[in-house]
Each structure stands twice: as C-alpha cells, then as structure tokens.
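Coordinates from query_16.txt are shown below (compact mmCIF, C-alpha atoms).
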```
# COMPACT_ATOMS: atom_id res chain seq x y z
CA MET A 1185 23.40 52.75 19.07
CA ASN A 1186 21.07 55.78 18.98
CA ASN A 1187 23.20 58.52 20.51
CA SER A 1188 20.18 60.60 21.53
CA LYS A 1189 19.27 57.83 23.98
CA LEU A 1190 22.64 58.34 25.70
CA ILE A 1191 21.95 61.94 26.65
CA SER A 1192 19.87 61.30 29.76
CA PRO A 1193 21.82 58.42 31.39
CA ILE A 1194 25.24 59.94 30.67
CA SER A 1195 24.09 63.35 31.93
CA ASN A 1196 22.96 61.75 35.19
CA ILE A 1197 26.25 59.90 35.60
CA LEU A 1198 28.24 63.09 34.99
CA GLU A 1199 26.17 65.19 37.38
CA ASN A 1200 26.47 62.66 40.20
CA ALA A 1201 30.18 62.11 39.61
CA SER A 1202 30.58 65.89 39.70
CA LYS A 1203 28.94 66.08 43.13
CA LEU A 1204 31.36 63.46 44.40
CA ILE A 1205 34.37 65.36 43.04
CA LEU A 1206 33.14 68.70 44.39
CA ASP A 1207 32.87 67.23 47.89
CA PHE A 1208 36.66 66.90 47.78
CA TYR A 1209 37.18 70.19 45.96
CA LYS A 1210 35.25 72.25 48.52
CA ASN A 1211 37.25 70.75 51.37
CA LYS A 1212 40.73 71.52 50.06
CA ASN A 1213 42.29 70.33 53.31
CA ILE A 1214 41.52 66.71 52.39
CA ILE A 1215 42.94 66.89 48.84
CA GLN A 1216 46.06 64.78 48.81
CA SER A 1217 47.86 63.69 45.68
CA SER A 1218 50.41 61.07 44.73
CA LEU A 1219 52.30 60.40 41.53
CA LYS A 1220 51.53 57.59 39.11
CA GLN A 1221 54.16 55.74 37.12
CA ASP A 1222 54.06 58.38 34.39
CA SER A 1223 54.64 61.10 37.03
CA SER A 1224 51.15 62.56 36.62
CA PRO A 1225 49.27 63.37 39.84
CA VAL A 1226 46.29 61.38 41.10
CA THR A 1227 43.98 62.12 44.02
CA GLU A 1228 41.32 60.25 45.95
CA ALA A 1229 38.75 62.22 43.94
CA ASP A 1230 40.12 60.70 40.70
CA LYS A 1231 39.84 57.22 42.18
CA ARG A 1232 36.37 57.66 43.65
CA ALA A 1233 35.04 59.18 40.42
CA HIS A 1234 36.53 56.28 38.45
CA ILE A 1235 34.81 53.71 40.67
CA PHE A 1236 31.46 55.49 40.48
CA ILE A 1237 31.48 56.15 36.71
CA THR A 1238 32.64 52.63 35.85
CA LYS A 1239 29.95 51.09 38.04
CA GLU A 1240 27.20 53.26 36.57
CA LEU A 1241 28.25 52.67 32.97
CA LEU A 1242 28.34 48.90 33.45
CA GLU A 1243 24.93 48.93 35.15
CA ASN A 1244 23.36 51.00 32.37
CA PHE A 1245 25.24 49.36 29.48
CA PRO A 1246 26.32 45.90 30.65
CA LEU A 1247 27.53 44.75 27.23
CA ILE A 1248 29.98 47.62 26.71
CA PRO A 1249 33.36 47.38 28.49
CA VAL A 1250 34.87 50.42 30.20
CA ILE A 1251 38.45 51.64 29.89
CA SER A 1252 39.24 54.34 32.45
CA GLU A 1253 42.43 56.25 33.16
CA GLU A 1254 42.32 55.08 36.77
CA GLY A 1255 41.40 51.50 35.91
CA ASP A 1256 43.52 48.40 36.44
CA GLU A 1257 46.72 49.01 34.47
CA SER A 1258 47.25 45.28 33.99
CA GLU A 1259 43.80 44.75 32.48
CA GLU A 1260 43.65 44.56 28.71
CA ILE A 1261 40.31 44.69 26.91
CA ILE A 1262 39.87 43.59 23.30
CA SER A 1263 36.74 45.13 21.84
CA ASP A 1264 35.64 47.28 18.91
CA LEU A 1265 33.02 48.98 21.11
CA PHE A 1266 34.02 50.45 24.48
CA TRP A 1267 33.71 53.43 26.79
CA LEU A 1268 36.83 55.55 27.21
CA VAL A 1269 36.78 57.56 30.44
CA ASP A 1270 38.89 60.20 32.11
CA PRO A 1271 37.19 60.53 35.50
CA LEU A 1272 39.03 63.74 36.39
CA ASP A 1273 40.83 65.48 33.55
CA GLY A 1274 42.99 68.37 34.74
CA THR A 1275 44.02 67.01 38.12
CA LYS A 1276 46.63 69.77 38.52
CA GLU A 1277 43.88 72.36 38.13
CA PHE A 1278 41.78 70.49 40.68
CA ILE A 1279 44.63 70.34 43.20
CA ASN A 1280 45.38 74.05 42.72
CA GLN A 1281 41.70 74.97 43.22
CA GLY A 1282 41.27 76.13 39.64
CA ASP A 1283 38.02 75.48 37.77
CA ASP A 1284 39.35 74.06 34.48
CA PHE A 1285 38.97 70.37 35.30
CA THR A 1286 36.45 68.08 33.67
CA ILE A 1287 34.93 64.62 33.53
CA ASN A 1288 35.25 63.02 30.09
CA ILE A 1289 33.21 60.08 28.77
CA ALA A 1290 33.53 58.85 25.18
CA LEU A 1291 32.12 55.91 23.27
CA ILE A 1292 34.49 54.34 20.76
CA ASN A 1293 33.20 52.15 17.94
CA ASN A 1294 35.36 50.66 15.18
CA GLN A 1295 38.36 52.82 16.08
CA GLU A 1296 36.62 56.19 16.15
CA PRO A 1297 34.82 58.27 18.81
CA VAL A 1298 31.10 58.22 18.03
CA PHE A 1299 29.84 59.96 21.18
CA GLY A 1300 31.42 62.30 23.67
CA ALA A 1301 30.38 64.08 26.85
CA ILE A 1302 32.42 66.55 28.90
CA TYR A 1303 31.27 68.03 32.20
CA LYS A 1304 32.90 70.93 34.06
CA PRO A 1305 31.96 70.44 37.74
CA VAL A 1306 32.65 73.95 39.07
CA THR A 1307 30.50 75.74 36.50
CA GLY A 1308 28.04 72.97 35.66
CA GLU A 1309 28.77 73.21 31.93
CA LEU A 1310 27.88 70.12 29.91
CA TYR A 1311 29.19 69.53 26.38
CA MET A 1312 27.88 66.67 24.28
CA GLY A 1313 27.90 65.48 20.68
CA GLY A 1314 28.53 62.58 18.36
CA LYS A 1315 27.46 60.81 15.20
CA ASN A 1316 23.93 61.91 14.29
CA LEU A 1317 23.93 64.02 17.46
CA PRO A 1318 24.65 67.73 16.85
CA ALA A 1319 27.07 69.14 19.39
CA PHE A 1320 25.55 71.24 22.16
CA LYS A 1321 26.36 72.89 25.46
CA ILE A 1322 24.03 73.18 28.45
CA GLN A 1323 24.65 75.65 31.27
CA ASN A 1324 22.08 76.91 33.76
CA LYS A 1325 19.47 74.84 31.90
CA VAL A 1326 20.11 76.81 28.70
CA LYS A 1327 20.99 74.70 25.65
CA ASN A 1328 23.07 76.10 22.80
CA TYR A 1329 24.22 74.21 19.73
CA LEU A 1330 27.90 74.40 18.91
CA LYS A 1331 29.54 75.32 15.62
CA THR A 1332 33.20 75.88 14.86
CA GLU A 1333 34.37 79.15 13.34
CA LEU A 1334 36.76 79.99 10.52
CA ASN A 1335 38.61 83.26 10.19
CA GLU A 1336 41.04 84.12 7.41
CA ILE A 1337 42.37 87.19 9.21
CA ALA A 1338 42.52 86.38 12.93
CA CYS A 1339 43.57 83.21 14.71
CA ILE A 1340 42.68 82.32 18.29
CA VAL A 1341 44.73 79.48 19.75
CA SER A 1342 43.89 77.28 22.73
CA GLN A 1343 46.96 76.49 24.81
CA SER A 1344 47.46 74.49 27.99
CA LYS A 1345 47.92 76.32 31.29
CA SER A 1346 50.23 73.62 32.61
CA HIS A 1347 51.57 71.62 29.64
CA GLY A 1348 52.85 74.31 27.30
CA SER A 1349 56.18 73.67 25.58
CA ASP A 1350 58.78 75.61 23.63
CA LYS A 1351 57.71 73.73 20.51
CA GLU A 1352 54.11 74.84 20.98
CA ASN A 1353 55.21 78.44 21.54
CA GLU A 1354 57.28 78.31 18.34
CA PHE A 1355 54.29 76.93 16.44
CA ILE A 1356 51.99 79.63 17.80
CA ASN A 1357 54.51 82.30 16.85
CA SER A 1358 54.67 80.86 13.32
CA LEU A 1359 50.95 81.52 12.90
CA SER A 1360 51.69 85.25 12.90
CA LYS A 1361 53.01 84.75 9.35
CA LYS A 1362 49.66 83.31 8.23
CA PHE A 1363 47.22 85.62 10.04
CA GLU A 1364 47.11 89.36 10.64
CA ASN A 1365 45.96 89.01 14.24
CA ASN A 1366 46.66 86.29 16.78
CA LYS A 1367 45.45 85.60 20.29
CA VAL A 1368 46.12 82.82 22.80
CA ILE A 1369 43.59 81.54 25.32
CA LYS A 1370 45.13 79.48 28.11
CA ALA A 1371 42.89 76.82 29.62
CA GLY A 1372 43.09 73.46 31.31
CA SER A 1373 41.86 69.92 30.61
CA SER A 1374 39.58 69.11 27.67
CA ILE A 1375 38.07 72.59 27.85
CA LYS A 1376 40.69 73.60 25.26
CA ILE A 1377 38.98 71.31 22.73
CA CYS A 1378 35.55 72.59 23.76
CA LEU A 1379 36.69 76.14 23.02
CA VAL A 1380 37.36 75.09 19.42
CA ALA A 1381 34.03 73.28 19.21
CA GLU A 1382 32.06 76.34 20.31
CA GLY A 1383 33.92 78.75 18.03
CA LYS A 1384 35.82 80.57 20.77
CA SER A 1385 39.17 79.43 19.38
CA HIS A 1386 40.29 78.05 16.02
CA ILE A 1387 43.08 75.61 16.80
CA TYR A 1388 44.56 73.73 19.74
CA PRO A 1389 48.04 72.32 19.07
CA ARG A 1390 49.54 69.76 21.43
CA PHE A 1391 53.06 68.46 20.82
CA GLY A 1392 53.49 66.32 23.93
CA ASP A 1393 52.34 62.72 24.42
CA VAL A 1394 48.73 62.18 25.49
CA TYR A 1395 46.55 59.19 26.20
CA GLN A 1396 43.42 58.44 24.22
CA TRP A 1397 41.10 59.25 27.13
CA ASP A 1398 42.49 62.80 27.17
CA ILE A 1399 40.92 63.67 23.82
CA ALA A 1400 38.31 61.06 22.83
CA ALA A 1401 35.23 62.82 24.25
CA GLY A 1402 36.36 66.17 22.91
CA HIS A 1403 37.07 64.57 19.54
CA ALA A 1404 33.49 63.34 19.20
CA ILE A 1405 32.10 66.73 20.23
CA LEU A 1406 34.42 68.60 17.88
CA ASN A 1407 33.48 66.32 14.97
CA ALA A 1408 29.81 67.00 15.66
CA SER A 1409 30.39 70.77 15.64
CA GLY A 1410 32.24 70.78 12.31
CA GLY A 1411 35.86 70.34 13.41
CA GLU A 1412 38.38 67.53 13.61
CA ILE A 1413 41.28 66.20 15.66
CA THR A 1414 44.23 64.82 13.70
CA ASP A 1415 47.74 63.67 14.47
CA LEU A 1416 50.60 66.12 13.87
CA ASN A 1417 50.78 65.01 10.23
CA LEU A 1418 47.12 65.95 9.79
CA LYS A 1419 46.20 62.27 9.50
CA LYS A 1420 43.26 60.48 11.07
CA ILE A 1421 43.66 59.28 14.65
CA ILE A 1422 42.89 55.60 15.18
CA TYR A 1423 41.60 54.61 18.61
CA SER A 1424 42.16 51.18 20.12
CA SER A 1425 41.18 49.36 23.31
CA SER A 1426 44.81 49.10 24.40
CA ARG A 1427 45.43 51.04 27.61
CA LYS A 1428 49.08 51.47 26.61
CA LYS A 1429 48.46 53.39 23.40
CA LYS A 1430 49.73 56.96 23.44
CA LEU A 1431 49.31 59.70 20.86
CA LYS A 1432 52.40 61.67 19.87
CA GLY A 1433 50.61 64.99 19.95
CA PHE A 1434 47.64 66.25 17.90
CA PHE A 1435 45.87 69.23 16.38
CA ALA A 1436 42.29 70.10 17.32
CA LEU A 1437 41.05 72.07 14.32
CA SER A 1438 37.99 74.17 13.55
CA GLU A 1439 37.81 72.79 10.00
CA LEU A 1440 40.15 70.23 8.49
CA SER A 1441 40.42 71.42 4.87
CA PHE A 1442 40.96 75.04 5.97
CA TRP A 1443 43.83 74.08 8.27
CA LYS A 1444 45.37 71.64 5.81
CA GLU A 1445 45.84 74.57 3.48
CA LYS A 1446 47.25 76.76 6.25
CA LEU A 1447 49.62 74.22 7.78
CA GLN A 1448 51.06 72.42 4.77
```
Would you mind writing the structure in this file as structure tokens?
Amino acid sequence: MNNSKLISPISNILENASKLILDFYKNKNIIQSSLKQDSSPVTEADKRAHIFITKELLENFPLIPVISEEGDESEEIISDLFWLVDPLDGTKEFINQGDDFTINIALINNQEPVFGAIYKPVTGELYMGGKNLPAFKIQNKVKNYLKTELNEIACIVSQSKSHGSDKENEFINSLSKKFENNKVIKAGSSIKICLVAEGKSHIYPRFGDVYQWDIAAGHAILNASGGEITDLNLKKIIYSSSRKKKLKGFFALSELSFWKEKLQ
C-alpha cells in the first residue's frame, strides 16, 4: 500500500474522532469512567471514538480488519495486515482534564508497523510516518519533518506522568554514569514516543506491561524519523493480530546502534 495515499483519509478520521472526544472533554460533568478487567479506566468517549474510528476505517479500507483497544475482547482476528487502534490513549489524562491524551492508528503488515498516525485533540497536533513516508508533524497548518537527535554529553528522557515505577527511576538514575547532563520530561500517552521522534528527548524506557496498540503508531513514526522501539533486551518487537498479546516493557530509542553501545 502507498502510505502517502493514507494521509488524507486517516487525517480526516482523526480530526473527526477528535471533535467527538472533545465534546466530552469540554463538558467535564459528563465524563464518567469505569474499570476494565485489567483495572485500566474507560469512558464513554473511549467507546464512542472506537465505534466511529472502526466504522470509518472499514468503510475506507474494507479489506483490512481493525483491532481496537475497545473492541470485542472475545473476537480474534487472524491476518498479516490489520489496523491497530487506540481510540483514546491516556484516558487518565483525559479524565483529569490534562492535554496529554491522543488517538493512535497504526497499520501492521507482516508483523511490523508500516504506518502510524497520532493525533493530540487538545492542541490539534498530528504526527504521521511510515515506510517510504518520512515522519512529520502538522500543527496550525504548519508541517515540519521529524528527525531524532543524538547527544553524547546530555540525555533527555521521556517518562510517564502516571505509570512511572521504581525500576524506571533506577534506570534513569543509572544514565547519570553515561552522560554528563540528564533531564527528564514527564508526559502522557504516546506523546512520549513522539518526543523522541521529534528530537526533544533521546530515550523513553517503559518497564511495565503494555499492549501493542499503545506503541504501534508511535513505533512507525519513530522508525520513519530515524529511531526504533525494541524490547528490553534491545531485540525487535514482533506484532501479531492477537488481542491478548502484551509486551513486557520496551525502549523507544533515538538511534538503535547508539543506544546498543550505551546500554550493553
């Protein structure tokens, strides 16, 4: 598939899903959440965005199945080509009226993310990239291409606002032995990966379990900007159409060979 032909339809889907989500966000009195089986929160905005995005993807690309975080948990899809969707990534941020929540859409082909799009509803920032599609960001109709950054002296780390752990803090502290200067940027949702893709941070470590839809779109964008996402052993991540598959943590890296030398 020619990824450049995905830009317009996916942008439209993201913008319209964003309007739907913001209708809930602006009326905080109607935001109600419940807990899913994994104890993560879900709101009506998550569910409505899931329904809308799934419907639009299937109408625009009827031959490509959709796997969404809020989809039917009993449904199993077997396919080498599929959409992987997180209709509202950063639900805790959304509930708390923060702005670091996103909509994530990725296209997986033969076990790897070949296209990714991330939209931040509050600010209108759109990130996109994939195979043969250089990563870019559009905000206020201004388009900038993304490129990761390397720095031998200073290290800027992306860290979760709400999912930080002692293990992550220990890892971040260990970087002080490898770099003269260190800084941490706390953010929510897939924005942490986008920060690496646009050169605003150099590494995002995550030691807790995540689902594939949490990182797939960011993975494609980061690849297209010169970076990589690996497992905690610095090995390639393999995507599958199984809803049940979890990843036991990961590193989002500005450049794989640079970080292999630093972390091994």
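Closest approach to Asn1417 (chain A) from the set A:Ser1263, A:Gln1448, A:Ser1188, A:Asn1293 is made by A:Gln1448, with distances taken over only C-alpha atoms.
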TODO: Find the residues around region 1272-1289 of chain A up to 8 Å (all atoms listed in the file counted), leave out those fewer than 4 positions away in its own chain, and share them as a PyMOL selection string.
DONE: chain A and resi 1198+1202+1209+1212+1215+1217+1225-1227+1229-1230+1233+1267-1268+1300-1307+1346+1371-1375+1397-1398+1400-1402
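Picture a line from CA of Tyr1395 (chain A) to CA of Asp1207 (chain A); it runs 26.9 Å.
Within 9 Å of Thr1332 (chain A), once all atoms listed in the file are used and residues closer than 2 positions along the same chain are dropped, the contacting residues are Leu1330, Leu1334, Leu1379, Val1380, Ala1381, Glu1382, Gly1383, Lys1384, Ser1385, His1386, Leu1406, Ser1409, Gly1410, Gly1411, Leu1437, Ser1438 and Glu1439 of chain A.
Our summary of the geometry notes that CA of Asn1328 (chain A) is positioned 14.7 Å from CA of Ile1191 (chain A).
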Open item on the list: To one decimal place in Å, what is the distance between CA of Val1341 (chain A) and CA of Leu1447 (chain A)?
Closed with: 14.0 Å
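The shortest atom-to-atom distance to Ile1292 (chain A), with all atoms listed in the file taken into account, belongs to A:Ile1248 out of A:Leu1206, A:Leu1241, A:Ala1319, A:Ile1248.
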Write out as a tab-separated table a residue-level contact list of region 1194-1277 of chain A versus region 1420-1424 of chain A with cut-off 12 Å: for each qualifying residue the closest pair of atoms and the distance in Å to one decimal, counting only C-alpha atoms, rows sorted by chain and residue number upward.
```
residue	atom	partner	partner_atom	distance
A:Ile1251	CA	A:Ser1424	CA	10.5
A:Glu1260	CA	A:Ser1424	CA	10.9
A:Ile1261	CA	A:Ser1424	CA	9.6
A:Ile1262	CA	A:Ser1424	CA	8.5
A:Ser1263	CA	A:Ser1424	CA	8.3
A:Asp1264	CA	A:Ser1424	CA	7.7
A:Leu1265	CA	A:Ser1424	CA	9.5
A:Phe1266	CA	A:Ser1424	CA	9.3
A:Trp1267	CA	A:Ser1424	CA	11.0
A:Leu1268	CA	A:Tyr1423	CA	9.9
```
Task: For Gln1295 (chain A), the nearest of the candidates A:Ala1436, A:Lys1325, A:Ser1425, A:Phe1442, counting all atoms listed in the file - done: A:Ser1425
Write out as a PDB file with C-alpha atoms, in the frame of the given file each polymer residue whose atoms come within 12 Å of Glu1336 (chain A), counting all atoms listed in the file; drop sequence neighbours fewer than 2 positions from it.
```pdb
ATOM      1  CA  GLU A1333      34.370  79.150  13.340  1.00  0.00           C
ATOM      2  CA  LEU A1334      36.760  79.990  10.520  1.00  0.00           C
ATOM      3  CA  ALA A1338      42.520  86.380  12.930  1.00  0.00           C
ATOM      4  CA  CYS A1339      43.570  83.210  14.710  1.00  0.00           C
ATOM      5  CA  ILE A1340      42.680  82.320  18.290  1.00  0.00           C
ATOM      6  CA  LEU A1359      50.950  81.520  12.900  1.00  0.00           C
ATOM      7  CA  LYS A1362      49.660  83.310   8.230  1.00  0.00           C
ATOM      8  CA  PHE A1363      47.220  85.620  10.040  1.00  0.00           C
ATOM      9  CA  GLU A1364      47.110  89.360  10.640  1.00  0.00           C
ATOM     10  CA  ASN A1365      45.960  89.010  14.240  1.00  0.00           C
ATOM     11  CA  ASN A1366      46.660  86.290  16.780  1.00  0.00           C
ATOM     12  CA  HIS A1386      40.290  78.050  16.020  1.00  0.00           C
ATOM     13  CA  PHE A1442      40.960  75.040   5.970  1.00  0.00           C
ATOM     14  CA  TRP A1443      43.830  74.080   8.270  1.00  0.00           C
ATOM     15  CA  GLU A1445      45.840  74.570   3.480  1.00  0.00           C
ATOM     16  CA  LYS A1446      47.250  76.760   6.250  1.00  0.00           C
TER      17      LYS A1446
END
```
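Minimum distance to Leu1317 (chain A) across A:Leu1204, A:Leu1247, A:Val1394, A:Val1298 (counting only C-alpha atoms) occurs at A:Val1298.
Residue nearest Gly1433 (chain A), chosen from A:Gly1308, A:Pro1246, A:Pro1389, A:Gly1255 and counting all atoms listed in the file: A:Pro1389.
For the residues A:Asn1353, A:Cys1378, A:His1234, A:Leu1291, ranking by smallest atom-to-atom distance to Ile1405 (chain A) using all atoms listed in the file places A:Cys1378 first.
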